[in-house]
file data.csv (CSV, C-alpha atoms)
chain,number,residue,atom,x,y,z
A,1,MET,CA,153.9,-79.9,141.5
A,2,GLN,CA,153.6,-76.1,141.0
A,3,ARG,CA,149.9,-76.2,142.2
A,4,LEU,CA,150.9,-78.1,145.3
A,5,GLN,CA,153.6,-75.5,146.1
A,6,ILE,CA,151.0,-72.7,145.7
A,7,ALA,CA,148.6,-74.5,147.9
A,8,VAL,CA,151.2,-75.1,150.6
A,9,TYR,CA,152.5,-71.5,150.4
A,10,SER,CA,148.9,-70.2,150.6
A,11,THR,CA,148.1,-72.3,153.6
A,12,ILE,CA,151.2,-71.1,155.4
A,13,LEU,CA,150.3,-67.5,154.5
A,14,ILE,CA,146.8,-67.9,155.8
A,15,LEU,CA,148.0,-69.4,159.1
A,16,ILE,CA,150.6,-66.6,159.6
A,17,THR,CA,148.0,-64.0,158.8
A,18,GLY,CA,145.5,-65.5,161.2
A,19,TRP,CA,148.2,-65.7,163.9
A,20,LEU,CA,149.1,-62.1,163.4
A,21,LEU,CA,145.4,-61.0,163.5
A,22,TYR,CA,144.9,-63.0,166.8
A,23,ILE,CA,148.0,-61.7,168.7
A,24,GLY,CA,147.5,-58.2,167.3
A,25,LYS,CA,143.8,-57.9,168.0
A,26,SER,CA,144.3,-55.2,170.6
A,27,ILE,CA,145.7,-53.0,167.8
A,28,PHE,CA,143.6,-54.1,164.8
A,29,VAL,CA,140.2,-54.1,166.5
A,30,PRO,CA,140.2,-50.4,167.5
A,31,VAL,CA,141.5,-49.5,164.0
A,32,VAL,CA,138.7,-51.4,162.2
A,33,LEU,CA,136.1,-50.1,164.6
A,34,GLY,CA,137.4,-46.6,164.0
A,35,ALA,CA,137.0,-47.2,160.3
A,36,VAL,CA,133.4,-48.3,160.9
A,37,VAL,CA,132.8,-45.1,162.9
A,38,VAL,CA,134.1,-43.1,160.0
A,39,TYR,CA,131.7,-44.8,157.7
A,40,VAL,CA,128.8,-43.9,160.0
A,41,ILE,CA,130.0,-40.2,160.3
A,42,VAL,CA,130.4,-39.9,156.5
A,43,GLY,CA,127.1,-41.6,155.9
A,44,LEU,CA,125.3,-39.2,158.2
A,45,ALA,CA,127.0,-36.2,156.6
A,46,ASP,CA,126.0,-37.4,153.1
A,47,SER,CA,122.4,-37.9,154.3
A,48,LEU,CA,122.3,-34.4,155.7
A,49,GLY,CA,123.6,-33.1,152.4
A,50,ARG,CA,120.7,-34.8,150.6
A,51,LEU,CA,118.0,-33.1,152.7
A,52,PRO,CA,115.7,-31.0,150.6
A,53,GLY,CA,116.2,-27.3,150.9
A,54,ILE,CA,118.8,-26.8,153.6
A,55,GLY,CA,120.9,-29.9,152.8
A,56,PRO,CA,122.9,-28.6,149.7
A,57,ARG,CA,123.5,-25.3,151.4
A,58,LEU,CA,125.1,-26.8,154.5
A,59,PRO,CA,128.9,-26.6,154.5
A,60,VAL,CA,130.8,-29.9,154.6
A,61,GLN,CA,132.3,-29.0,158.0
A,62,ALA,CA,128.8,-28.3,159.4
A,63,ARG,CA,127.5,-31.6,158.2
A,64,TYR,CA,130.4,-33.4,159.8
A,65,PHE,CA,129.9,-31.5,163.0
A,66,CYS,CA,126.2,-32.4,163.1
A,67,SER,CA,127.1,-36.1,162.5
A,68,LEU,CA,129.6,-36.0,165.4
A,69,ALA,CA,127.1,-34.3,167.6
A,70,ALA,CA,124.4,-36.9,166.8
A,71,ILE,CA,126.8,-39.7,167.6
A,72,GLY,CA,127.8,-38.0,170.8
A,73,MET,CA,124.2,-37.5,171.9
A,74,ALA,CA,123.4,-41.1,171.2
A,75,SER,CA,126.4,-42.2,173.3
A,76,LEU,CA,125.4,-40.0,176.2
A,77,ALA,CA,121.8,-41.3,175.9
A,78,LEU,CA,123.1,-44.9,176.1
A,79,ALA,CA,125.3,-44.1,179.1
A,80,TYR,CA,122.3,-42.4,180.8
A,81,LEU,CA,120.1,-45.5,180.1
A,82,VAL,CA,122.7,-47.8,181.6
A,83,VAL,CA,123.0,-45.7,184.8
A,84,ALA,CA,119.2,-45.3,185.1
A,85,ASN,CA,118.6,-49.0,184.7
A,86,LYS,CA,121.4,-49.8,187.2
A,87,GLN,CA,119.5,-47.8,189.9
A,88,HIS,CA,116.2,-49.5,188.9
A,89,ALA,CA,117.9,-52.9,189.1
A,90,LEU,CA,119.1,-52.2,192.6
A,91,GLU,CA,115.6,-51.3,193.7
A,92,ARG,CA,114.2,-54.4,192.1
A,93,ALA,CA,116.9,-56.8,193.4
A,94,PRO,CA,114.9,-58.1,196.4
A,95,TYR,CA,112.0,-59.0,194.2
A,96,PHE,CA,114.2,-60.7,191.6
A,97,GLN,CA,115.9,-62.6,194.5
A,98,GLN,CA,112.6,-64.0,195.6
A,99,SER,CA,111.6,-64.9,192.0
A,100,VAL,CA,114.8,-66.7,191.3
A,101,LEU,CA,114.6,-68.6,194.6
A,102,ALA,CA,111.0,-69.6,193.9
A,103,LEU,CA,112.0,-70.8,190.4
A,104,LEU,CA,114.9,-72.8,191.8
A,105,GLN,CA,112.7,-74.4,194.4
A,106,GLN,CA,110.2,-75.4,191.7
A,107,LEU,CA,113.0,-77.0,189.7
A,108,ALA,CA,114.2,-78.8,192.8
A,109,VAL,CA,110.7,-80.2,193.4
A,110,PHE,CA,110.4,-81.1,189.7
A,111,PHE,CA,113.7,-83.0,189.6
A,112,GLY,CA,113.1,-84.7,193.0
A,113,VAL,CA,115.9,-83.0,194.9
A,114,GLU,CA,115.4,-83.8,198.6
A,115,LYS,CA,116.5,-80.5,200.0
A,116,GLU,CA,115.1,-77.3,198.4
A,117,PRO,CA,117.7,-74.5,198.0
A,118,THR,CA,117.6,-71.4,200.1
A,119,TRP,CA,119.5,-68.1,199.6
A,120,ALA,CA,121.7,-69.0,202.5
A,121,SER,CA,122.7,-72.4,200.9
A,122,LEU,CA,123.0,-70.8,197.4
A,123,ARG,CA,125.3,-68.0,198.7
A,124,GLN,CA,127.4,-70.6,200.6
A,125,GLU,CA,127.8,-72.7,197.5
A,126,LEU,CA,128.6,-69.6,195.4
A,127,LEU,CA,131.2,-68.2,197.8
A,128,ALA,CA,132.8,-71.7,198.1
A,129,HIS,CA,133.5,-71.8,194.3
A,130,VAL,CA,133.9,-68.1,193.4
A,131,ASN,CA,136.4,-65.6,194.7
A,132,MET,CA,134.2,-62.5,194.9
A,133,GLN,CA,137.1,-60.1,195.3
A,134,ARG,CA,138.6,-61.5,192.1
A,135,VAL,CA,135.3,-61.2,190.3
A,136,LEU,CA,134.8,-57.5,191.4
A,137,THR,CA,138.4,-56.7,190.5
A,138,SER,CA,137.9,-58.3,187.1
A,139,MET,CA,134.6,-56.4,186.5
A,140,PHE,CA,136.2,-53.0,187.3
A,141,THR,CA,139.2,-53.8,185.2
A,142,SER,CA,137.0,-54.8,182.3
A,143,LEU,CA,135.0,-51.5,182.7
A,144,GLY,CA,138.2,-49.5,182.6
A,145,SER,CA,139.3,-51.4,179.5
A,146,ILE,CA,136.1,-50.7,177.7
A,147,LEU,CA,136.2,-47.0,178.4
A,148,MET,CA,139.8,-46.9,177.2
A,149,SER,CA,138.8,-48.8,174.1
A,150,PHE,CA,136.2,-46.2,173.3
A,151,VAL,CA,138.8,-43.4,173.6
A,152,VAL,CA,141.2,-45.3,171.3
A,153,VAL,CA,138.5,-45.9,168.7
A,154,PHE,CA,137.5,-42.3,168.8
A,155,LEU,CA,141.1,-41.2,168.3
A,156,TYR,CA,141.5,-43.6,165.3
A,157,ALA,CA,138.3,-42.3,163.8
A,158,THR,CA,139.4,-38.7,164.2
A,159,PHE,CA,142.7,-39.3,162.5
A,160,LEU,CA,141.1,-41.3,159.7
A,161,LEU,CA,138.7,-38.4,159.0
A,162,ILE,CA,141.7,-36.1,158.8
A,163,GLU,CA,143.5,-38.6,156.4
A,164,ARG,CA,140.4,-38.5,154.1
A,165,GLN,CA,141.4,-34.9,153.1
A,166,THR,CA,144.6,-36.1,151.4
A,167,SER,CA,143.5,-39.6,150.3
A,168,ASP,CA,142.9,-38.6,146.7
A,169,GLN,CA,146.3,-37.1,146.3
A,170,LYS,CA,147.9,-40.2,147.9
A,171,LEU,CA,146.0,-42.4,145.5
A,172,ALA,CA,147.1,-40.4,142.5
A,173,ASN,CA,150.8,-40.8,143.6
A,174,LEU,CA,150.4,-44.4,144.6
A,175,ALA,CA,151.4,-45.7,141.1
A,176,ASP,CA,152.9,-44.4,137.9
A,177,ASN,CA,150.4,-46.2,135.7
A,178,PRO,CA,147.1,-44.3,135.5
A,179,ASN,CA,145.2,-47.6,134.8
A,180,GLN,CA,146.4,-49.1,138.1
A,181,VAL,CA,145.4,-45.9,140.0
A,182,ALA,CA,141.9,-46.1,138.3
A,183,ARG,CA,141.6,-49.7,139.3
A,184,ILE,CA,142.5,-49.0,142.9
A,185,ARG,CA,139.9,-46.1,142.9
A,186,ALA,CA,137.3,-48.5,141.5
A,187,VAL,CA,138.0,-51.1,144.2
A,188,LEU,CA,137.8,-48.5,147.0
A,189,ALA,CA,134.6,-47.0,145.5
A,190,ALA,CA,133.0,-50.5,145.4
A,191,ILE,CA,134.1,-51.1,149.1
A,192,ASN,CA,132.8,-47.8,150.2
A,193,GLN,CA,129.5,-48.2,148.4
A,194,ARG,CA,128.8,-51.7,149.6
A,195,ILE,CA,129.8,-51.2,153.2
A,196,GLY,CA,128.1,-47.8,153.4
A,197,SER,CA,124.9,-49.2,152.1
A,198,TYR,CA,125.1,-52.2,154.4
A,199,LEU,CA,125.6,-50.1,157.5
A,200,ALA,CA,122.9,-47.6,156.6
A,201,LEU,CA,120.2,-50.1,155.7
A,202,LYS,CA,121.2,-52.5,158.6
A,203,THR,CA,121.0,-49.5,161.0
A,204,VAL,CA,117.5,-48.6,159.8
A,205,ILE,CA,116.2,-52.2,160.1
A,206,SER,CA,117.8,-52.7,163.5
A,207,LEU,CA,116.2,-49.5,164.8
A,208,LEU,CA,112.8,-50.6,163.5
A,209,LEU,CA,113.4,-54.0,165.1
A,210,GLY,CA,114.4,-52.4,168.4
A,211,LEU,CA,111.4,-50.1,168.3
A,212,VAL,CA,108.8,-52.9,167.7
A,213,SER,CA,110.5,-55.1,170.3
A,214,TYR,CA,110.3,-52.2,172.8
A,215,GLY,CA,106.6,-51.9,172.1
A,216,VAL,CA,106.1,-55.6,172.8
A,217,MET,CA,108.1,-55.5,176.0
A,218,ARG,CA,106.4,-52.3,177.2
A,219,LEU,CA,103.0,-53.8,176.4
A,220,LEU,CA,103.7,-56.7,178.8
A,221,ASN,CA,105.5,-54.4,181.4
A,222,LEU,CA,108.8,-56.1,181.1
A,223,ASP,CA,111.5,-54.4,183.3
A,224,PHE,CA,114.4,-52.7,181.6
A,225,ALA,CA,112.5,-52.7,178.2
A,226,ALA,CA,114.4,-49.8,176.8
A,227,LEU,CA,117.8,-51.4,177.7
A,228,TRP,CA,116.7,-54.7,176.1
A,229,ALA,CA,115.5,-52.8,173.0
A,230,VAL,CA,118.9,-51.1,172.6
A,231,LEU,CA,120.6,-54.5,173.1
A,232,THR,CA,118.4,-55.9,170.4
A,233,VAL,CA,119.5,-53.1,168.0
A,234,LEU,CA,123.1,-53.8,168.6
A,235,LEU,CA,122.8,-57.6,168.5
A,236,ASN,CA,121.0,-57.4,165.1
A,237,PHE,CA,124.4,-56.6,163.6
A,238,VAL,CA,125.6,-60.0,164.5
A,239,PRO,CA,124.3,-62.5,161.9
A,240,TYR,CA,122.0,-65.4,163.1
A,241,VAL,CA,123.3,-65.5,166.7
A,242,GLY,CA,122.2,-61.9,167.4
A,243,SER,CA,118.6,-62.6,166.7
A,244,VAL,CA,118.6,-65.6,169.0
A,245,LEU,CA,120.1,-63.6,171.9
A,246,GLY,CA,117.7,-60.7,171.1
A,247,VAL,CA,114.8,-63.1,172.0
A,248,ALA,CA,116.5,-65.3,174.6
A,249,LEU,CA,117.7,-62.5,176.9
A,250,PRO,CA,114.3,-60.7,177.4
A,251,ALA,CA,112.7,-64.1,177.7
A,252,LEU,CA,115.0,-65.0,180.6
A,253,MET,CA,114.2,-61.6,182.2
A,254,ALA,CA,110.5,-62.4,181.9
A,255,THR,CA,111.1,-65.8,183.5
A,256,VAL,CA,112.6,-64.1,186.5
A,257,GLN,CA,110.1,-61.2,186.7
A,258,PHE,CA,106.8,-63.0,186.0
A,259,SER,CA,105.4,-65.9,188.0
A,260,ASP,CA,102.8,-66.5,185.2
A,261,LEU,CA,104.1,-68.9,182.6
A,262,GLY,CA,101.5,-67.6,180.1
A,263,THR,CA,103.0,-64.1,180.2
A,264,VAL,CA,106.5,-65.5,179.5
A,265,LEU,CA,105.3,-67.6,176.6
A,266,THR,CA,103.3,-64.6,175.2
A,267,LEU,CA,106.4,-62.4,175.3
A,268,LEU,CA,108.5,-65.2,173.8
A,269,ALA,CA,106.0,-65.8,171.0
A,270,LEU,CA,105.6,-62.1,170.1
A,271,LEU,CA,109.4,-61.5,170.0
A,272,VAL,CA,109.9,-64.6,167.9
A,273,ALA,CA,107.2,-63.4,165.5
A,274,VAL,CA,108.7,-59.9,165.3
A,275,HIS,CA,112.2,-61.2,164.6
A,276,PHE,CA,110.9,-63.7,162.1
A,277,ALA,CA,108.9,-61.2,160.2
A,278,ILE,CA,111.6,-58.5,160.0
A,279,GLY,CA,114.5,-61.0,159.6
A,280,ASN,CA,112.9,-63.1,156.9
A,281,PHE,CA,110.7,-60.7,155.0
A,282,LEU,CA,111.6,-57.0,155.6
A,283,ASP,CA,115.4,-57.5,155.9
A,284,PRO,CA,115.8,-59.4,152.6
A,285,TYR,CA,113.4,-57.0,150.8
A,286,VAL,CA,115.3,-53.8,152.0
A,287,MET,CA,118.8,-55.2,152.0
A,288,GLY,CA,118.3,-57.0,148.7
A,289,ASN,CA,121.7,-58.1,147.4
A,290,SER,CA,123.7,-55.2,148.8
A,291,LEU,CA,126.6,-57.3,149.9
A,292,ASN,CA,126.2,-60.3,147.6
A,293,LEU,CA,127.4,-62.8,150.3
A,294,SER,CA,126.6,-66.4,150.7
A,295,PRO,CA,124.7,-67.2,154.0
A,296,PHE,CA,127.1,-70.1,154.5
A,297,ALA,CA,130.1,-67.8,154.0
A,298,ILE,CA,128.6,-65.4,156.5
A,299,LEU,CA,128.2,-68.2,159.1
A,300,ILE,CA,131.8,-69.4,158.6
A,301,SER,CA,133.2,-65.8,158.8
A,302,LEU,CA,131.2,-65.3,162.0
A,303,GLY,CA,132.8,-68.3,163.6
A,304,VAL,CA,136.3,-67.3,162.3
A,305,TRP,CA,136.3,-63.7,163.3
A,306,SER,CA,134.6,-64.4,166.6
A,307,GLU,CA,137.4,-66.8,167.4
A,308,LEU,CA,140.0,-64.2,166.3
A,309,TRP,CA,138.6,-61.0,167.8
A,310,GLY,CA,135.9,-62.1,170.2
A,311,ILE,CA,132.7,-60.0,170.4
A,312,ALA,CA,134.1,-57.3,168.2
A,313,GLY,CA,134.9,-59.9,165.5
A,314,ALA,CA,131.2,-61.0,165.6
A,315,PHE,CA,130.1,-57.5,164.8
A,316,LEU,CA,132.7,-56.9,162.1
A,317,ALA,CA,132.5,-60.3,160.4
A,318,VAL,CA,130.1,-59.3,157.6
A,319,PRO,CA,131.8,-56.0,156.6
A,320,ILE,CA,135.2,-57.7,156.6
A,321,THR,CA,134.0,-60.6,154.5
A,322,ALA,CA,132.4,-58.2,152.0
A,323,ILE,CA,135.7,-56.3,151.7
A,324,LEU,CA,137.7,-59.5,151.2
A,325,THR,CA,135.2,-60.6,148.5
A,326,ILE,CA,135.7,-57.4,146.6
A,327,VAL,CA,139.5,-57.5,146.8
A,328,PHE,CA,139.6,-61.2,145.9
A,329,SER,CA,137.5,-60.6,142.8
A,330,GLU,CA,140.2,-58.2,141.4
A,331,PHE,CA,142.9,-60.9,141.1
A,332,PRO,CA,142.7,-64.0,138.8
A,333,ALA,CA,144.4,-66.2,141.4
A,334,THR,CA,141.8,-65.4,144.2
A,335,ARG,CA,138.8,-64.8,142.0
A,336,PRO,CA,137.5,-68.3,142.6
A,337,LEU,CA,137.4,-67.6,146.3
A,338,ALA,CA,135.3,-64.4,145.7
A,339,VAL,CA,132.9,-66.5,143.6
A,340,LEU,CA,132.5,-69.1,146.5
A,341,LEU,CA,132.0,-66.3,149.0
A,342,SER,CA,129.3,-64.6,146.9
A,343,ARG,CA,125.6,-65.3,147.0
A,344,ASP,CA,125.0,-65.8,143.3
A,345,GLY,CA,128.5,-66.3,141.8
A,346,ARG,CA,128.6,-62.9,140.2
A,347,VAL,CA,131.4,-60.7,141.4
call {"tool": "encode", "arguments": {"input": "data.csv", "output": "C-alpha cells"}}
result
Amino acid sequence: MQRLQIAVYSTILILITGWLLYIGKSIFVPVVLGAVVVYVIVGLADSLGRLPGIGPRLPVQARYFCSLAAIGMASLALAYLVVANKQHALERAPYFQQSVLALLQQLAVFFGVEKEPTWASLRQELLAHVNMQRVLTSMFTSLGSILMSFVVVFLYATFLLIERQTSDQKLANLADNPNQVARIRAVLAAINQRIGSYLALKTVISLLLGLVSYGVMRLLNLDFAALWAVLTVLLNFVPYVGSVLGVALPALMATVQFSDLGTVLTLLALLVAVHFAIGNFLDPYVMGNSLNLSPFAILISLGVWSELWGIAGAFLAVPITAILTIVFSEFPATRPLAVLLSRDGRV
C-alpha cells in the first residue's frame, strides 16, 4: 500500500512539475540558456588559462573579457552572415522561382496532372489560403521576440557570472553539517565537469562537421554554403534529428538550385558520408562516455523537452538529462532512475 501511495504521489509531482515547466517556459528557457552561456564563457576562460606561456599570467578578469569578446565577435559574424545571405537570396530569387516552377511542372507531368502549374496559378492558390499580412506581421513579431530573448539570455548570463563570485560562501552557509556541504559541492563539481566537457567536446566536433560540410558544399558550388555550414554546427547539438536536418536542408537547396539530378545525389551522398563518419566514429571516440547517458534515454528526453520547450528544449535535452542523472544518483529513492538513464548502469 505504501509503495502504491509513493507511486501515485510521484506521478502527481511529475505531472505538476511538467505543467509548471510548460507554462513557465518563457521564464525558465532564458535562465537555462543563460547558464549554458556561462558554461561556455567559463570554459573559454579556463582554456585561455591553460595556454602555454601567456595563459597562467593572464588575470582572471582579462580571460573573461577575452571570452566575452570572442562570443560577441562570433555573434556579429553570424549576424553579418545572415544579412549578406539575405541580399544574395534576393538576387537569386528569380532563378529559384524558375527552378521551383520547373520542378513542380515535372512532378505534375509525372503524376499525370492535366494542367501544369504556373506562378500565376500558384500565387492565386497561395493567396487564397494564406493571409500574407498576417504572415508578415507574425514574422516581424517573431524576429522582435528572438532579439528580445537574446537580450534576456545575456542579462541572465551576466548576473550568473556575478553570482559565481559569492557561490562558495553561499554553499558554505547552506547547511550546518559539513558533510552535507561537501556532498553538495561534490554534486555541483560533477555537474560542472560533465556539462563543461560535453559542451567543449561537442563544440569542437560540431565545428569540424560544419567545416567539412562547408568544403563539400563549396566544392559543388551550393548557394549559401556558409549559412548551411553554420546551421549544421548548431543542429549537431540536437541528438539524432539534427544530423537528419543537417543533410536534408542543403539537399533541398540543391534540388532547387541544380537541374542535374546527379549533382543533387552527389551532394546528398557526400553529406551523408560526412555525417556518418563523424557521428558514428569520431564522435563516440572523442566524446567517449563523458555523459554516460543511454541513447534511448536521450531520445525520450529529446521528445519530452521538445514538447515542453520547443526548439530550445531540443538543444537543452542532453545537458538537462545529464544533470538529472547526477542528481538522481545521490538519493536512494531515485537512484534506480539514474541507473536506467545511464549508458552502462554505473552512476
call {"tool": "residues_around", "arguments": {"input": "data.csv", "residues": "Arg343 (chain A)", "least_positions_apart": "5", "cutoff": "8 Å", "atoms": "all atoms listed in the file", "output": "PyMOL selection string"}}
result
chain A and resi 292-295
call {"tool": "closest_residue", "arguments": {"input": "data.csv", "among": "A:Ile6, A:Val40, A:Ile23, A:Ile14", "to": "Gly196 (chain A)", "atoms": "only C-alpha atoms"}}
result
A:Val40
call {"tool": "atom_distance", "arguments": {"input": "data.csv", "atom1": "CA of Val8 (chain A)", "atom2": "CA of Pro336 (chain A)"}}
result
17.3 Å
call {"tool": "atom_distance", "arguments": {"input": "data.csv", "atom1": "CA of Gln5 (chain A)", "atom2": "CA of Leu21 (chain A)"}}
result
24.1 Å
call {"tool": "closest_residue", "arguments": {"input": "data.csv", "among": "A:Tyr9, A:Phe150, A:Phe159, A:Tyr64", "to": "Ser47 (chain A)", "atoms": "all atoms listed in the file"}}
result
A:Tyr64
call {"tool": "atom_distance", "arguments": {"input": "data.csv", "atom1": "CA of Gly72 (chain A)", "atom2": "CA of Val151 (chain A)"}}
result
12.6 Å
call {"tool": "residues_around", "arguments": {"input": "data.csv", "residues": "Leu209 (chain A)", "least_positions_apart": "4", "cutoff": "9 Å", "atoms": "only C-alpha atoms", "output": "VMD selection string"}}
result
chain A and resid 204 to 205 213 to 214 229 232 to 233 236 274 to 275 278 to 279
call {"tool": "write_last_selection", "arguments": {"input": "data.csv", "atoms": "C-alpha atoms", "output": "tab-separated table (two decimals), in the frame of the given file"}}
result
chain	number	residue	atom	x	y	z
A	204	VAL	CA	117.50	-48.60	159.80
A	205	ILE	CA	116.20	-52.20	160.10
A	213	SER	CA	110.50	-55.10	170.30
A	214	TYR	CA	110.30	-52.20	172.80
A	229	ALA	CA	115.50	-52.80	173.00
A	232	THR	CA	118.40	-55.90	170.40
A	233	VAL	CA	119.50	-53.10	168.00
A	236	ASN	CA	121.00	-57.40	165.10
A	274	VAL	CA	108.70	-59.90	165.30
A	275	HIS	CA	112.20	-61.20	164.60
A	278	ILE	CA	111.60	-58.50	160.00
A	279	GLY	CA	114.50	-61.00	159.60
call {"tool": "residues_near_point", "arguments": {"input": "data.csv", "point": "(108.0, -65.1, 171.8)", "cutoff": "12 Å", "atoms": "all atoms listed in the file", "output": "ChimeraX atom specification"}}
result
/A:213,216-217,220,244,246-252,254,262-276
call {"tool": "residues_around", "arguments": {"input": "data.csv", "residues": "region 323-335 of chain A", "least_positions_apart": "2", "cutoff": "9 Å", "atoms": "only C-alpha atoms", "output": "number ranges by chain"}}
result
A: 183, 187, 190-191, 194-195, 293, 318-321, 337-342, 347
call {"tool": "closest_residue", "arguments": {"input": "data.csv", "among": "A:Val42, A:Ala35, A:Leu76, A:Val83", "to": "Tyr156 (chain A)", "atoms": "only C-alpha atoms"}}
result
A:Ala35
call {"tool": "residues_near_point", "arguments": {"input": "data.csv", "point": "(140.9, -50.1, 166.6)", "cutoff": "10 Å", "atoms": "only C-alpha atoms", "output": "number ranges by chain"}}
result
A: 25-36, 149-157
